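So this block is query.pdb, PDB, C-alpha atoms:
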MODEL        1
ATOM      1  CA  MET A   1     101.171 113.887  92.363
ATOM      2  CA  ASP A   2     104.412 112.695  93.947
ATOM      3  CA  ILE A   3     103.329 109.378  95.489
ATOM      4  CA  LYS A   4     106.481 108.887  97.569
ATOM      5  CA  LYS A   5     106.195 112.376  99.051
ATOM      6  CA  SER A   6     102.478 111.849  99.725
ATOM      7  CA  ILE A   7     103.179 108.564 101.512
ATOM      8  CA  GLU A   8     105.829 110.199 103.704
ATOM      9  CA  GLU A   9     103.465 113.034 104.626
ATOM     10  CA  LEU A  10     100.590 110.647 105.336
ATOM     11  CA  VAL A  11     102.775 108.432 107.517
ATOM     12  CA  GLU A  12     103.784 111.413 109.653
ATOM     13  CA  LYS A  13     100.184 112.561 110.029
ATOM     14  CA  ILE A  14      98.951 109.088 110.940
ATOM     15  CA  LYS A  15     101.808 108.333 113.343
ATOM     16  CA  ASN A  16     101.176 111.555 115.270
ATOM     17  CA  ASP A  17      97.391 111.263 115.604
ATOM     18  CA  LYS A  18      95.778 108.413 117.579
ATOM     19  CA  GLU A  19      92.363 109.044 116.013
ATOM     20  CA  LEU A  20      93.822 108.853 112.507
ATOM     21  CA  GLN A  21      95.635 105.653 113.458
ATOM     22  CA  SER A  22      92.360 104.109 114.532
ATOM     23  CA  THR A  23      90.589 105.245 111.365
ATOM     24  CA  PHE A  24      93.453 104.003 109.197
ATOM     25  CA  MET A  25      93.415 100.582 110.872
ATOM     26  CA  LYS A  26      89.649 100.232 110.352
ATOM     27  CA  ASP A  27      89.445 101.531 106.784
ATOM     28  CA  PRO A  28      92.803 102.540 105.286
ATOM     29  CA  ILE A  29      91.430 103.581 101.905
ATOM     30  CA  ALA A  30      88.791 105.899 103.378
ATOM     31  CA  ALA A  31      91.381 107.404 105.738
ATOM     32  CA  ILE A  32      93.815 108.059 102.883
ATOM     33  CA  GLU A  33      91.083 109.569 100.711
ATOM     34  CA  LYS A  34      90.038 111.881 103.556
ATOM     35  CA  LEU A  35      93.624 112.947 104.297
ATOM     36  CA  LEU A  36      94.476 113.617 100.664
ATOM     37  CA  GLY A  37      91.296 115.560 100.084
ATOM     38  CA  ILE A  38      91.199 114.579  96.414
ATOM     39  CA  ASP A  39      89.211 112.007  94.505
ATOM     40  CA  LEU A  40      91.413 109.224  93.142
ATOM     41  CA  PRO A  41      90.526 105.857  91.648
ATOM     42  CA  GLU A  42      90.167 103.079  94.219
ATOM     43  CA  GLU A  43      93.248 101.249  92.890
ATOM     44  CA  GLN A  44      95.480 104.299  93.380
ATOM     45  CA  LEU A  45      94.154 104.798  96.896
ATOM     46  CA  LYS A  46      94.875 101.135  97.652
ATOM     47  CA  GLN A  47      98.452 101.498  96.395
ATOM     48  CA  ILE A  48      98.995 104.566  98.574
ATOM     49  CA  ALA A  49      97.420 102.834 101.595
ATOM     50  CA  ASP A  50      99.703  99.826 101.044
ATOM     51  CA  GLY A  51     102.709 102.141 100.843
ATOM     52  CA  VAL A  52     101.724 103.867 104.078
ATOM     53  CA  LYS A  53     101.264 100.505 105.838
ATOM     54  CA  ALA A  54     104.660  99.324 104.634
ATOM     55  CA  LYS A  55     106.381 102.535 105.757
ATOM     56  CA  ILE A  56     104.731 102.446 109.182
ATOM     57  CA  ASN A  57     105.786  98.820 109.636
ATOM     58  CA  LEU A  58     109.378  99.631 108.599
ATOM     59  CA  ASP A  59     109.456 102.528 111.045
ATOM     60  CA  LYS A  60     108.237 100.233 113.841
ATOM     61  CA  ILE A  61     110.924  97.668 113.030
ATOM     62  CA  GLY A  62     113.578 100.386 112.887
ATOM     63  CA  SER A  63     112.593 101.765 116.298
ATOM     64  CA  PHE A  64     112.803  98.243 117.743
ATOM     65  CA  PHE A  65     116.440  97.949 116.706
ATOM     66  CA  LYS A  66     117.352 101.419 117.986
ATOM     67  CA  LYS A  67     116.518 100.457 121.588
TER
ENDMDL
END

So that I can check it, write out the structure of this file as structure tokens.
Amino acid sequence: MDIKKSIEELVEKIKNDKELQSTFMKDPIAAIEKLLGIDLPEEQLKQIADGVKAKINLDKIGSFFKK
């Protein structure tokens, strides 16, 4: 599993779906597990969720400076 690629794909899915955004904000690990559709250890899911959060936050900061 390419973690970086998975994070990029998850970020795009979450950013483009308000319902997924809400689910991710409430329970990021469950949202990631559902989106991936595979059973991973909790620690790996947490690492991916943290990566997605970081990427989303960087994208928000980047869009702020583009205005």

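Using all atoms listed in the file, the shortest contact distance between Phe24 in chain A and any of A:Ile38, A:Ser6, A:Glu43, A:Asp50 is found at A:Asp50.
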
CA of Leu36 in chain A to CA of Leu10 in chain A, distance in Å rounded to a single decimal: 8.2 Å

Within 8 Å of Lys55 in chain A using only C-alpha atoms, minus same-chain residues under 3 positions, as a list in words: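 Final neighbour list, sorted by chain and number: Glu8, Val11, Gly51, Val52, Leu58 and Asp59 of chain A.
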
Using the selection just defined, write its residues with C-alpha atoms as a short mmCIF file (atom, residue, chain, number, x, y, z; two decimals), keeping the file's coordinate frame.
data_model
loop_
_atom_site.label_atom_id
_atom_site.label_comp_id
_atom_site.auth_asym_id
_atom_site.auth_seq_id
_atom_site.Cartn_x
_atom_site.Cartn_y
_atom_site.Cartn_z
CA GLU A 8 105.83 110.20 103.70
CA VAL A 11 102.78 108.43 107.52
CA GLY A 51 102.71 102.14 100.84
CA VAL A 52 101.72 103.87 104.08
CA LEU A 58 109.38 99.63 108.60
CA ASP A 59 109.46 102.53 111.04
#

Nearest candidate to Ile48 in chain A (options A:Asp2, A:Gln21, A:Asp27, A:Ile32; using all atoms listed in the file): A:Ile32

Pick from A:Lys34, A:Lys26, A:Ile7, A:Glu19 nearest to Ala54 in chain A, counting only C-alpha atoms: A:Ile7

Six-sided padding of 6 Å per side, axis-aligned box over range 50-55 of chain A, centre and edges in Å, one decimal, as JSON:
{"center_x": 103.0, "center_y": 101.6, "center_z": 103.3, "size_x": 18.7, "size_y": 16.5, "size_z": 17.0}

Selection near Ala49 in chain A, 7 Å with all atoms listed in the file, sequence-local residues under 4 positions removed, as a list of chain:residue names: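 In the requested format, the answer is A:Pro28, A:Ile29, A:Ile32, A:Leu45, A:Lys53.
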
Could the residues in this selection be written to a file with C-alpha atoms, as a PDB file, keeping the file's coordinate frame?
ATOM      1  CA  PRO A  28      92.803 102.540 105.286  1.00  0.00           C
ATOM      2  CA  ILE A  29      91.430 103.581 101.905  1.00  0.00           C
ATOM      3  CA  ILE A  32      93.815 108.059 102.883  1.00  0.00           C
ATOM      4  CA  LEU A  45      94.154 104.798  96.896  1.00  0.00           C
ATOM      5  CA  LYS A  53     101.264 100.505 105.838  1.00  0.00           C
TER       6      LYS A  53
END

Distance of CA of Asp39 in chain A from CA of Thr23 in chain A, expressed in Å to one decimal place: 18.2 Å

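Nearest-residue note for Lys13 in chain A: choosing from A:Met25, A:Leu35, A:Leu40, A:Asn57, the minimum distance belongs to A:Leu35, counting all atoms listed in the file.
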
Separation of CA of Leu20 in chain A from CA of Lys5 in chain A, in Å and rounded to one decimal: 18.6 Å
